[in-house]
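query_32.txt follows (compact mmCIF, C-alpha atoms):
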```txt
# COMPACT_ATOMS: atom_id res chain seq x y z
CA MET A 236 0.00 0.00 0.00
CA SER A 237 1.47 3.32 -1.03
CA LEU A 238 0.89 6.49 0.99
CA SER A 239 2.19 10.02 0.97
CA ARG A 240 4.81 11.10 3.53
CA ARG A 241 1.97 12.27 5.78
CA GLY A 242 -0.24 9.26 5.09
CA VAL A 243 -1.93 7.35 7.87
CA LEU A 244 -3.72 4.03 8.09
CA ALA A 245 -5.64 3.25 11.25
CA ALA A 246 -5.83 -0.42 12.05
CA GLY A 247 -9.43 -0.02 13.16
CA GLY A 248 -11.42 -2.10 15.62
CA ALA A 249 -10.43 -2.23 19.26
CA LEU A 250 -7.04 -0.69 18.63
CA GLY A 251 -8.22 2.37 16.76
CA ALA A 252 -4.93 4.01 15.86
CA LEU A 253 -2.78 0.99 16.68
CA ALA A 254 -0.90 1.06 13.41
CA ALA A 255 0.63 3.99 11.62
CA THR A 256 1.43 2.69 8.13
CA ALA A 257 3.64 4.77 5.93
CA ALA A 258 5.94 5.04 3.03
CA GLY A 259 7.35 7.88 5.07
CA THR A 260 6.21 9.26 8.41
CA GLY A 261 2.81 7.81 9.22
CA GLY A 262 0.36 9.47 11.56
CA ALA A 263 0.19 10.14 15.26
CA ALA A 264 -0.99 7.45 17.62
CA ALA A 265 -1.48 9.17 20.95
CA ALA A 266 -0.35 7.52 24.16
CA ALA A 267 -3.28 7.06 26.50
CA HIS A 268 -3.61 5.78 30.03
CA GLY A 269 -5.96 2.89 30.54
CA PRO A 270 -7.14 0.84 33.53
CA GLY A 271 -4.71 -1.55 35.15
CA HIS A 272 -2.01 -1.93 37.73
CA GLY A 273 0.69 0.66 37.27
CA PRO A 274 3.99 1.59 38.86
CA GLY A 275 2.51 4.43 40.88
CA PRO A 276 -0.79 5.91 42.08
CA GLY A 277 -3.03 6.74 39.15
CA ARG A 278 -0.67 5.18 36.60
CA ALA A 279 -1.47 2.16 34.48
CA ARG A 280 1.27 -0.18 33.39
CA VAL A 281 2.59 0.71 29.98
CA ARG A 282 1.27 -1.60 27.27
CA THR A 283 3.93 -2.35 24.68
CA GLY A 284 3.33 -2.63 20.97
CA PHE A 285 3.18 -6.40 21.33
CA ASP A 286 0.65 -6.14 24.17
CA ARG A 287 -1.64 -4.10 21.94
CA LEU A 288 -1.10 -6.33 18.93
CA ALA A 289 -2.01 -9.43 20.95
CA ALA A 290 -5.00 -7.74 22.58
CA ASP A 291 -6.41 -7.13 19.10
CA GLY A 292 -6.08 -10.80 18.18
CA TYR A 293 -3.05 -10.17 15.92
CA ARG A 294 -5.38 -8.58 13.37
CA LEU A 295 -2.48 -6.70 11.80
CA LEU A 296 -0.77 -10.01 10.97
CA ARG A 297 -3.84 -11.85 9.74
CA GLY A 298 -3.20 -13.75 6.53
CA ARG A 299 0.53 -13.00 6.60
CA LYS A 300 3.50 -15.32 6.79
CA VAL A 301 5.48 -13.82 9.66
CA GLY A 302 9.13 -13.72 10.73
CA VAL A 303 10.24 -11.96 13.92
CA VAL A 304 13.46 -10.02 14.56
CA THR A 305 13.92 -10.19 18.31
CA ASN A 306 16.13 -11.11 21.26
CA PRO A 307 15.56 -11.94 24.95
CA THR A 308 13.92 -8.51 25.54
CA GLY A 309 10.92 -9.42 23.39
CA VAL A 310 8.81 -10.43 26.37
CA THR A 311 5.32 -9.90 27.74
CA ALA A 312 4.58 -8.35 31.14
CA ASP A 313 4.74 -11.84 32.67
CA VAL A 314 8.16 -12.40 31.00
CA ARG A 315 7.07 -14.92 28.41
CA HIS A 316 8.91 -14.49 25.14
CA ILE A 317 6.68 -13.25 22.32
CA VAL A 318 7.91 -16.04 20.02
CA ASP A 319 6.87 -18.64 22.59
CA VAL A 320 3.50 -16.88 22.91
CA MET A 321 2.80 -16.54 19.19
CA HIS A 322 4.14 -19.88 17.99
CA PRO A 323 1.28 -22.06 19.32
CA ASP A 324 -1.40 -19.44 18.53
CA ASP A 325 -3.42 -20.35 15.44
CA ARG A 326 -4.15 -16.67 14.81
CA VAL A 327 -0.52 -16.07 13.80
CA ASN A 328 1.39 -17.86 11.05
CA LEU A 329 4.85 -17.51 12.59
CA THR A 330 7.39 -19.31 10.43
CA ALA A 331 10.83 -17.83 11.16
CA VAL A 332 12.94 -15.93 13.68
CA PHE A 333 15.82 -13.56 12.91
CA GLY A 334 18.52 -13.15 15.56
CA PRO A 335 20.62 -9.96 15.97
CA GLU A 336 23.92 -9.41 17.80
CA HIS A 337 24.05 -11.60 20.94
CA GLY A 338 21.46 -13.88 19.30
CA PHE A 339 17.73 -14.56 19.54
CA ARG A 340 18.01 -16.35 22.88
CA GLY A 341 20.96 -14.19 24.00
CA THR A 342 23.74 -16.75 24.24
CA ALA A 343 26.52 -14.68 22.59
CA GLN A 344 28.73 -11.94 24.04
CA ALA A 345 29.44 -8.55 22.45
CA GLY A 346 30.46 -8.86 18.82
CA GLY A 347 28.95 -12.34 18.50
CA SER A 348 25.78 -14.10 17.35
CA GLU A 349 24.22 -17.56 17.38
CA GLY A 350 24.41 -18.43 13.69
CA ARG A 351 21.75 -20.38 11.77
CA TYR A 352 19.94 -23.09 13.78
CA ASP A 353 16.51 -24.47 14.63
CA ASP A 354 15.14 -23.20 17.94
CA PRO A 355 14.84 -26.17 20.35
CA ALA A 356 11.77 -24.73 22.10
CA THR A 357 9.65 -24.10 19.01
CA GLY A 358 11.38 -25.84 16.14
CA LEU A 359 11.35 -22.58 14.19
CA PRO A 360 14.28 -21.80 11.91
CA VAL A 361 16.47 -19.02 13.33
CA TYR A 362 18.41 -16.93 10.83
CA ASP A 363 21.44 -14.86 11.81
CA THR A 364 21.14 -11.16 10.87
CA TYR A 365 24.22 -9.89 12.71
CA LEU A 366 26.38 -7.76 10.40
CA LYS A 367 24.04 -8.61 7.51
CA SER A 368 22.61 -5.74 5.49
CA GLY A 369 21.53 -4.72 2.01
CA GLN A 370 20.99 -7.47 -0.52
CA ASP A 371 22.62 -10.11 1.73
CA LEU A 372 19.94 -9.58 4.36
CA ALA A 373 17.24 -9.23 1.70
CA ASP A 374 18.25 -12.67 0.42
CA ILE A 375 17.85 -14.10 3.93
CA PHE A 376 14.33 -12.65 4.16
CA THR A 377 13.51 -14.11 0.76
CA ALA A 378 14.95 -17.53 1.63
CA SER A 379 12.90 -17.63 4.85
CA GLY A 380 9.67 -17.43 2.85
CA VAL A 381 8.08 -14.73 5.05
CA ASP A 382 6.11 -11.82 3.62
CA THR A 383 6.08 -9.76 6.86
CA VAL A 384 9.01 -9.02 9.15
CA VAL A 385 8.14 -8.01 12.74
CA PHE A 386 10.71 -6.14 14.86
CA ASP A 387 10.49 -6.23 18.67
CA ILE A 388 13.70 -5.40 20.60
CA GLN A 389 14.28 -3.17 23.64
CA ASP A 390 16.61 -0.24 22.86
CA ALA A 391 18.93 1.58 25.28
CA GLY A 392 18.55 5.09 23.85
CA ALA A 393 22.04 5.59 22.41
CA ARG A 394 23.11 5.90 18.77
CA PHE A 395 25.86 3.33 19.18
CA TYR A 396 23.58 0.68 20.67
CA THR A 397 23.43 -1.52 17.59
CA TYR A 398 19.85 -2.80 17.68
CA ILE A 399 18.52 0.40 16.12
CA TRP A 400 20.85 -0.21 13.20
CA THR A 401 19.61 -3.80 12.98
CA LEU A 402 16.21 -2.12 12.60
CA TYR A 403 17.56 0.21 9.91
CA ASP A 404 19.18 -2.66 8.02
CA CYS A 405 16.01 -4.74 8.25
CA MET A 406 13.96 -1.85 6.88
CA GLU A 407 16.30 -1.32 3.95
CA SER A 408 16.54 -5.03 3.18
CA ALA A 409 12.82 -5.70 3.62
CA ALA A 410 12.18 -3.00 1.02
CA LEU A 411 14.64 -4.66 -1.37
CA ALA A 412 12.96 -8.03 -0.81
CA GLY A 413 9.42 -6.63 -1.18
CA LYS A 414 8.45 -7.47 2.42
CA ARG A 415 6.31 -5.55 4.89
CA LEU A 416 7.91 -4.51 8.19
CA VAL A 417 6.00 -4.08 11.45
CA VAL A 418 7.70 -2.39 14.42
CA LEU A 419 6.33 -3.18 17.89
CA ASP A 420 7.21 -0.27 20.14
CA ARG A 421 8.88 -0.36 23.55
CA PRO A 422 9.95 2.46 25.90
CA ASN A 423 13.12 4.45 25.59
CA PRO A 424 14.43 3.49 29.06
CA VAL A 425 16.08 6.88 29.67
CA THR A 426 13.01 8.92 28.61
CA GLY A 427 12.24 10.52 25.28
CA ARG A 428 12.49 14.09 26.48
CA ALA A 429 15.51 15.36 24.60
CA ALA A 430 18.17 14.50 22.07
CA LEU A 431 21.72 15.02 23.33
CA GLY A 432 25.26 14.99 21.98
CA PRO A 433 26.90 15.20 18.58
CA VAL A 434 25.08 14.23 15.38
CA LEU A 435 26.85 11.63 13.26
CA ASP A 436 28.87 12.86 10.30
CA PRO A 437 28.06 10.37 7.48
CA ALA A 438 31.79 10.01 6.79
CA PHE A 439 31.98 8.02 10.06
CA ALA A 440 29.08 5.67 9.38
CA THR A 441 29.53 2.16 10.83
CA PHE A 442 27.33 -0.41 12.56
CA VAL A 443 27.58 1.74 15.73
CA GLY A 444 26.06 4.62 13.77
CA ARG A 445 24.68 4.18 10.29
CA ARG A 446 23.06 7.59 9.81
CA GLU A 447 22.84 11.19 11.04
CA ILE A 448 21.16 11.07 14.45
CA ALA A 449 22.25 12.41 17.84
CA GLN A 450 24.33 10.36 20.25
CA ALA A 451 21.37 10.13 22.64
CA HIS A 452 18.43 10.24 20.22
CA GLY A 453 15.53 10.59 22.67
CA MET A 454 13.17 8.47 20.56
CA THR A 455 11.48 5.07 20.70
CA VAL A 456 12.21 2.40 18.11
CA ALA A 457 8.89 3.03 16.36
CA GLU A 458 9.63 6.76 16.16
CA LEU A 459 13.08 5.98 14.81
CA ALA A 460 11.54 3.67 12.19
CA LEU A 461 9.29 6.47 10.98
CA PHE A 462 12.27 8.84 10.96
CA PHE A 463 14.50 6.39 9.07
CA ASN A 464 11.85 5.63 6.45
CA ALA A 465 11.14 9.27 5.65
CA GLU A 466 14.56 10.84 6.06
CA PHE A 467 17.00 8.16 4.92
CA LEU A 468 15.09 5.50 2.97
CA HIS A 469 12.67 7.74 1.09
CA GLU A 470 13.96 6.66 -2.33
CA ASN A 471 12.93 3.07 -1.60
CA PRO A 472 10.84 3.11 1.59
CA VAL A 473 9.71 -0.09 3.22
CA ARG A 474 6.00 -0.81 3.64
CA LEU A 475 6.07 0.17 7.29
CA GLU A 476 3.55 -0.32 10.06
CA VAL A 477 4.27 0.69 13.64
CA VAL A 478 2.32 -0.44 16.69
CA THR A 479 2.62 2.21 19.37
CA MET A 480 2.47 1.77 23.13
CA SER A 481 -0.27 3.02 25.40
CA GLY A 482 0.42 4.61 28.76
CA TRP A 483 3.98 5.75 28.01
CA ARG A 484 4.97 9.38 28.49
CA ARG A 485 8.11 11.01 27.15
CA SER A 486 9.19 11.87 30.70
CA ASP A 487 9.03 8.24 31.86
CA PHE A 488 12.16 6.42 32.93
CA PHE A 489 11.99 2.65 32.67
CA ASP A 490 10.99 2.10 36.28
CA ASP A 491 7.93 4.31 35.67
CA THR A 492 6.56 1.83 33.13
CA GLY A 493 5.73 -1.16 35.33
CA LEU A 494 7.42 -3.40 32.75
CA PRO A 495 10.03 -6.07 33.54
CA TRP A 496 13.61 -5.22 32.59
CA VAL A 497 15.40 -7.91 30.60
CA PRO A 498 19.04 -7.08 29.83
CA PRO A 499 19.09 -6.33 26.09
CA SER A 500 22.76 -7.36 26.01
CA PRO A 501 25.15 -8.94 28.55
CA ASN A 502 26.67 -5.59 29.55
CA MET A 503 23.37 -3.73 29.94
CA PRO A 504 22.20 -5.43 33.15
CA THR A 505 19.95 -2.69 34.57
CA PRO A 506 18.07 0.46 33.52
CA GLU A 507 20.69 2.37 35.53
CA THR A 508 23.31 1.10 33.08
CA ALA A 509 21.30 2.57 30.21
CA LEU A 510 21.09 5.88 32.07
CA VAL A 511 24.86 6.45 31.85
CA TYR A 512 25.62 4.43 28.72
CA SER A 513 25.22 7.15 26.09
CA GLY A 514 28.09 9.03 27.77
CA THR A 515 30.39 6.49 29.36
CA CYS A 516 30.40 4.10 26.41
CA LEU A 517 32.83 6.63 24.90
CA PHE A 518 35.49 4.97 27.04
CA GLU A 519 35.37 2.04 24.62
CA GLY A 520 37.39 4.38 22.42
CA THR A 521 40.18 4.73 25.01
CA ASN A 522 42.69 2.51 26.79
CA LEU A 523 40.62 2.68 30.00
CA SER A 524 38.23 -0.04 31.08
CA GLU A 525 34.57 0.88 30.60
CA GLY A 526 33.66 -1.60 33.34
CA ARG A 527 33.05 -4.65 31.19
CA GLY A 528 33.75 -7.71 33.29
CA THR A 529 32.32 -6.09 36.43
CA THR A 530 28.83 -6.01 37.91
CA ARG A 531 28.64 -2.28 37.04
CA PRO A 532 29.60 -1.95 33.36
CA PHE A 533 29.69 1.68 32.14
CA GLU A 534 29.33 2.91 35.74
CA LEU A 535 32.87 1.82 36.69
CA LEU A 536 35.72 3.31 34.65
CA GLY A 537 39.43 2.94 35.22
CA ALA A 538 42.93 1.76 34.37
CA GLU A 539 46.19 0.78 36.05
CA GLY A 540 47.89 3.85 37.49
CA ILE A 541 44.79 5.99 38.04
CA ASP A 542 44.23 7.21 41.59
CA HIS A 543 42.04 9.60 43.59
CA ARG A 544 42.97 12.62 41.48
CA TRP A 545 40.55 11.72 38.68
CA ALA A 546 37.50 11.59 40.95
CA ALA A 547 38.56 14.85 42.59
CA ALA A 548 38.97 16.58 39.24
CA VAL A 549 35.61 15.57 37.81
CA ASN A 550 33.78 16.26 41.09
CA ALA A 551 35.24 19.77 41.03
CA LEU A 552 33.23 20.47 37.85
CA ARG A 553 30.00 20.12 39.85
CA LEU A 554 28.14 18.48 36.99
CA PRO A 555 24.37 18.45 37.58
CA GLY A 556 22.81 15.34 39.07
CA VAL A 557 25.94 13.22 39.39
CA ALA A 558 28.87 12.52 41.74
CA PHE A 559 31.99 10.39 41.32
CA ARG A 560 33.54 8.00 43.81
CA GLU A 561 37.16 6.93 43.77
CA ALA A 562 36.90 3.24 42.96
CA TYR A 563 39.09 0.17 42.48
CA PHE A 564 38.01 -2.97 40.66
CA ALA A 565 39.32 -6.07 38.85
CA PRO A 566 37.51 -6.92 35.57
CA THR A 567 36.88 -10.62 35.01
CA PHE A 568 37.16 -10.18 31.22
CA SER A 569 37.84 -7.51 28.59
CA LYS A 570 40.37 -4.73 29.32
CA PHE A 571 42.64 -5.36 32.36
CA GLN A 572 41.21 -8.82 32.91
CA GLY A 573 42.21 -10.07 36.36
CA LYS A 574 44.10 -6.90 37.26
CA THR A 575 43.12 -4.37 39.91
CA VAL A 576 42.66 -0.93 38.40
CA GLY A 577 41.81 2.49 39.81
CA GLY A 578 39.22 4.92 38.58
CA VAL A 579 35.76 6.20 39.35
CA GLN A 580 32.25 4.95 39.86
CA VAL A 581 29.54 7.18 38.38
CA HIS A 582 26.70 7.80 40.86
CA VAL A 583 23.63 9.45 39.33
CA GLN A 584 21.93 11.34 42.15
CA ASP A 585 19.27 13.29 40.23
CA ARG A 586 18.40 11.70 36.91
CA GLU A 587 16.04 14.55 36.01
CA VAL A 588 18.95 16.94 35.49
CA PHE A 589 21.72 14.46 34.68
CA ASP A 590 23.19 14.85 31.17
CA PRO A 591 24.98 11.59 30.28
CA VAL A 592 26.74 12.86 27.15
CA ARG A 593 28.13 16.02 28.77
CA THR A 594 29.20 13.85 31.71
CA GLY A 595 31.00 11.44 29.38
CA ILE A 596 32.91 14.33 27.79
CA ALA A 597 33.84 15.73 31.21
CA LEU A 598 35.16 12.33 32.25
CA LEU A 599 37.31 12.11 29.11
CA VAL A 600 38.67 15.64 29.59
CA THR A 601 39.59 15.07 33.25
CA ALA A 602 40.98 11.57 32.65
CA LYS A 603 43.39 12.94 30.07
CA ARG A 604 44.43 15.80 32.35
CA THR A 605 44.98 13.72 35.50
CA TRP A 606 46.46 10.47 34.13
CA SER A 607 49.59 10.58 32.01
CA GLY A 608 48.83 7.13 30.58
CA PHE A 609 45.61 8.21 28.86
CA ALA A 610 45.39 7.22 25.19
CA TRP A 611 42.80 6.78 22.48
CA ARG A 612 42.41 3.37 20.88
CA PRO A 613 44.88 3.19 17.97
CA ASP A 614 42.05 2.74 15.45
CA ASN A 615 40.44 6.03 16.61
CA TRP A 616 37.28 4.12 17.57
CA ILE A 617 36.28 7.23 19.51
CA ASP A 618 35.55 8.93 16.17
CA LYS A 619 33.09 6.16 15.26
CA LEU A 620 31.37 6.48 18.64
CA THR A 621 31.08 10.28 18.57
CA GLY A 622 30.51 10.35 14.82
CA ASN A 623 33.20 12.95 14.16
CA THR A 624 36.84 13.87 14.80
CA LYS A 625 36.06 17.00 16.79
CA VAL A 626 35.71 15.39 20.22
CA ARG A 627 39.07 13.64 19.99
CA THR A 628 41.00 16.50 18.42
CA MET A 629 39.54 19.17 20.71
CA ILE A 630 40.32 17.16 23.85
CA ASP A 631 43.83 16.53 22.54
CA ALA A 632 44.19 20.29 21.99
CA GLY A 633 43.26 21.00 25.61
CA ALA A 634 39.64 22.11 25.16
CA ASP A 635 37.43 22.01 28.22
CA THR A 636 34.04 20.33 28.51
CA ASP A 637 32.03 23.44 27.60
CA ALA A 638 34.02 24.03 24.42
CA VAL A 639 33.59 20.44 23.24
CA VAL A 640 29.85 20.50 23.92
CA ASP A 641 29.45 23.85 22.16
CA ALA A 642 31.04 22.39 19.01
CA TRP A 643 28.00 20.23 18.27
CA ARG A 644 25.28 22.70 19.32
CA ALA A 645 24.20 23.83 15.82
CA ASP A 646 23.96 20.29 14.43
CA LEU A 647 22.03 19.12 17.49
CA THR A 648 19.57 22.01 17.21
CA ALA A 649 18.87 21.08 13.59
CA PHE A 650 18.41 17.40 14.48
CA ARG A 651 16.01 18.25 17.31
CA ALA A 652 13.83 20.26 14.92
CA LYS A 653 13.73 17.41 12.40
CA ARG A 654 13.10 14.80 15.10
CA ARG A 655 9.93 16.56 16.32
CA ARG A 656 8.03 15.53 13.19
CA TYR A 657 8.20 11.86 14.15
CA LEU A 658 7.42 11.94 17.88
CA ARG A 659 4.30 9.97 18.76
CA TYR A 660 3.95 10.44 22.53
CA GLY A 661 3.32 13.37 24.86
CA GLY A 662 4.13 13.94 28.50
```

Would you mind writing the structure in this file as structure tokens?
Amino acid sequence: MSLSRRGVLAAGGALGALAATAAGTGGAAAAAHGPGHGPGPGRARVRTGFDRLAADGYRLLRGRKVGVVTNPTGVTADVRHIVDVMHPDDRVNLTAVFGPEHGFRGTAQAGGSEGRYDDPATGLPVYDTYLKSGQDLADIFTASGVDTVVFDIQDAGARFYTYIWTLYDCMESAALAGKRLVVLDRPNPVTGRAALGPVLDPAFATFVGRREIAQAHGMTVAELALFFNAEFLHENPVRLEVVTMSGWRRSDFFDDTGLPWVPPSPNMPTPETALVYSGTCLFEGTNLSEGRGTTRPFELLGAEGIDHRWAAAVNALRLPGVAFREAYFAPTFSKFQGKTVGGVQVHVQDREVFDPVRTGIALLVTAKRTWSGFAWRPDNWIDKLTGNTKVRTMIDAGADTDAVVDAWRADLTAFRAKRRRYLRYGG
């Protein structure tokens, strides 16, 4: 079905505006609060896109041969996996599963996947999508025999969290293969209030940032799908349908939703990890540990030879909503495996005013100034994470935090204006 960039198709029936179908943007589906048990007085639990799809008897998938792109986060409120729920249901013709990085059932570490296999629980064929894109991925969709690809994965809110680029690749490849794509929405765990940080320069496009969005995008996966289809895939848009949530507000953190948290990857164990991740993941681009191999990845940062001076220096900046504790830890894998290192633990004290990206820059600036051993990764991975060379070169030149942040202000302002067209929730 072909629509204009502003076209809208309501799914009808009990869901009303459940689906926004578009060759480009689709229409608004307002978040509403319904009856139920919520996380606080007067609040209903958020109903995910899958919840609403199932409540409508899978009407949107009726008569379609369905494959699902998902991982362990694709669960219901009672933590049953959506594949295990749909597979025995005669109302859905579910015939394939597509696994991203870490795999469908989540058995692989960072940079790994599960490969092609048959799922022991359901017998369904599982196809590996990790690092597949373009015609290669289109060929996988074709070989699977599906006509509709459903995407349901929990995001972490950061540009370099790769599942949103799995979404992008699936959209592009589904269009090439002539398939429909349905996105089932889930909350942005760190709210959808604002976009933060530098906008990717296309010259630095990789799987940790395919296209020009902010480092902390402030959108849900359904909103991103609408954005991608209209802004980046408009020459060959996918036949896109998004199923919005009900009960979610842009100001909601994950613990406001009443939903269970399932780690979307092995080093994203809690919503608190996601809160700092869009800033502290920048330490992947340095010779410091970003806390992988500890129980507090991305909250613990450090290296051999760092002492109390780093925590003192960053605390002296009085960044809003956050404090830093001198910390010592011994990672069980990744950088400094089995060695005791010194550094800081990031303690978010007021998440309403905390800016993770500015905090990440401040930590880089002070680490370089207080530890003589500071170095960027030799491959300049920091440029892929920030999406530009400015952060690295300005810090190397002695710029302070304010100067680095000011360097991306104009690009961020332009992205925020563009982003507003695709937002589907208030609050």

Compile the contact shell of range 526-543 of chain A as an mmCIF file with C-alpha atoms, keeping the file's coordinate frame: residues with an atom at most 10 Å away, counting only C-alpha atoms, same-chain residues fewer than 5 positions apart removed.
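Now in out00.cif:
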```cif
data_model
loop_
_atom_site.group_PDB
_atom_site.id
_atom_site.type_symbol
_atom_site.label_atom_id
_atom_site.label_comp_id
_atom_site.auth_asym_id
_atom_site.auth_seq_id
_atom_site.Cartn_x
_atom_site.Cartn_y
_atom_site.Cartn_z
ATOM 1 C CA PRO A 501 25.150 -8.940 28.550
ATOM 2 C CA ASN A 502 26.670 -5.590 29.550
ATOM 3 C CA MET A 503 23.370 -3.730 29.940
ATOM 4 C CA PRO A 504 22.200 -5.430 33.150
ATOM 5 C CA THR A 505 19.950 -2.690 34.570
ATOM 6 C CA GLU A 507 20.690 2.370 35.530
ATOM 7 C CA THR A 508 23.310 1.100 33.080
ATOM 8 C CA ALA A 509 21.300 2.570 30.210
ATOM 9 C CA LEU A 510 21.090 5.880 32.070
ATOM 10 C CA VAL A 511 24.860 6.450 31.850
ATOM 11 C CA TYR A 512 25.620 4.430 28.720
ATOM 12 C CA SER A 513 25.220 7.150 26.090
ATOM 13 C CA GLY A 514 28.090 9.030 27.770
ATOM 14 C CA THR A 515 30.390 6.490 29.360
ATOM 15 C CA CYS A 516 30.400 4.100 26.410
ATOM 16 C CA LEU A 517 32.830 6.630 24.900
ATOM 17 C CA PHE A 518 35.490 4.970 27.040
ATOM 18 C CA GLU A 519 35.370 2.040 24.620
ATOM 19 C CA ALA A 548 38.970 16.580 39.240
ATOM 20 C CA PHE A 559 31.990 10.390 41.320
ATOM 21 C CA ARG A 560 33.540 8.000 43.810
ATOM 22 C CA GLU A 561 37.160 6.930 43.770
ATOM 23 C CA ALA A 562 36.900 3.240 42.960
ATOM 24 C CA TYR A 563 39.090 0.170 42.480
ATOM 25 C CA PHE A 564 38.010 -2.970 40.660
ATOM 26 C CA ALA A 565 39.320 -6.070 38.850
ATOM 27 C CA PRO A 566 37.510 -6.920 35.570
ATOM 28 C CA THR A 567 36.880 -10.620 35.010
ATOM 29 C CA PHE A 568 37.160 -10.180 31.220
ATOM 30 C CA SER A 569 37.840 -7.510 28.590
ATOM 31 C CA LYS A 570 40.370 -4.730 29.320
ATOM 32 C CA PHE A 571 42.640 -5.360 32.360
ATOM 33 C CA GLN A 572 41.210 -8.820 32.910
ATOM 34 C CA GLY A 573 42.210 -10.070 36.360
ATOM 35 C CA LYS A 574 44.100 -6.900 37.260
ATOM 36 C CA THR A 575 43.120 -4.370 39.910
ATOM 37 C CA VAL A 576 42.660 -0.930 38.400
ATOM 38 C CA GLY A 577 41.810 2.490 39.810
ATOM 39 C CA GLY A 578 39.220 4.920 38.580
ATOM 40 C CA VAL A 579 35.760 6.200 39.350
ATOM 41 C CA GLN A 580 32.250 4.950 39.860
ATOM 42 C CA VAL A 581 29.540 7.180 38.380
ATOM 43 C CA HIS A 582 26.700 7.800 40.860
ATOM 44 C CA VAL A 583 23.630 9.450 39.330
ATOM 45 C CA LEU A 598 35.160 12.330 32.250
ATOM 46 C CA ALA A 602 40.980 11.570 32.650
ATOM 47 C CA THR A 605 44.980 13.720 35.500
ATOM 48 C CA TRP A 606 46.460 10.470 34.130
ATOM 49 C CA SER A 607 49.590 10.580 32.010
ATOM 50 C CA GLY A 608 48.830 7.130 30.580
ATOM 51 C CA PHE A 609 45.610 8.210 28.860
#
```

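One distance worth recording is that between CA of His337 in chain A and CA of Ala610 in chain A, which is 28.8 Å.
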
Counting only C-alpha atoms, closest pick from A:Gly380, A:Pro506, A:Gly493, A:Gly482 relative to Ala312 in chain A is A:Gly493

Students should find that CA of Tyr657 in chain A and CA of Leu461 in chain A are spaced 6.3 Å

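Taking CA of Leu416 in chain A and CA of Phe333 in chain A as endpoints, the distance between them is 12.9 Å.
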
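Of the listed residues (A:Ala457, A:Leu411, A:Ala290, A:Val626), A:Val626 comes nearest to Leu435 in chain A; the distances count all atoms listed in the file.
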
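Candidate residues A:Thr601, A:Asn522, A:Thr311, A:Thr479 were compared for distance to Trp616 in chain A, and the nearest is A:Asn522, using all atoms listed in the file.
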
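Shell of Arg394 in chain A at 8 Å, with only C-alpha atoms counted and residues fewer than 3 places along the chain excluded, is Thr397, Ile399, Val443, Gly444, Ile448, Ala449, Gln450, Ala451, His452 and Ser513 of chain A.
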
From the list A:Val303, A:Ala356, A:Ala597, A:Val425, the nearest residue to Asn550 in chain A using all atoms listed in the file is A:Ala597

Contacts of Ala289 in chain A within 12 Å, all atoms listed in the file, excl. fewer than 6 positions in-chain, as a list in words: Ala249, Leu250, Leu253, Arg282, Thr283, Leu295, Leu296, Arg297, Thr311, Ile317, Val318, Val320, Met321, Asp324, Arg326, Val327, Leu419 and Val478 of chain A

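With distances restricted to only C-alpha atoms, A:Gly453 is the closest residue to Ala391 in chain A from A:Gly453, A:Ala409, A:Val549, A:Glu525.
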
Distance cut-off 10 Å, centre (9.8, -5.2, 13.3) in file coordinates, counting all atoms listed in the file: which residues qualify? Return them as a PyMOL selection string. chain A and resi 302-305+383-388+401-402+405-406+415-420+456-457+460+475-478

How big is the axis-aligned box around the listed atoms of range 455-461 of chain A once 6 Å is added on each side, and where is its centre? Give both in Å to one decimal, as lines of an AutoDock Vina configuration file.
```
center_x = 11.0
center_y = 4.6
center_z = 15.8
size_x = 16.2
size_y = 16.4
size_z = 21.7
```

Val640 in chain A proximity check over A:Asp353, A:Trp400, A:Arg445, A:Leu431, using all atoms listed in the file: winner is A:Leu431

Task: Distance query Val497 in chain A at most 9 Å, only C-alpha atoms, self and fewer than 3 positions along chain excluded, as a PyMOL selection string - done: chain A and resi 307-310+314+389+500+504-505

- Task: Enumerate, as a PyMOL selection string, the protein, DNA and RNA residues whose atoms approach (36.4, 19.9, 20.5) to within 10 Å, taking into account all atoms listed in the file and the coordinate frame of the file.
- Result: chain A and resi 596+623-643

### Message
Give me the residues near Tyr365 in chain A as a ChimeraX atom specification, where near means some atom within 9 Å (using all atoms listed in the file) and where sequence neighbours in that chain fewer than 3 positions away do not count.
### Response
/A:334-338,346-350,368,401
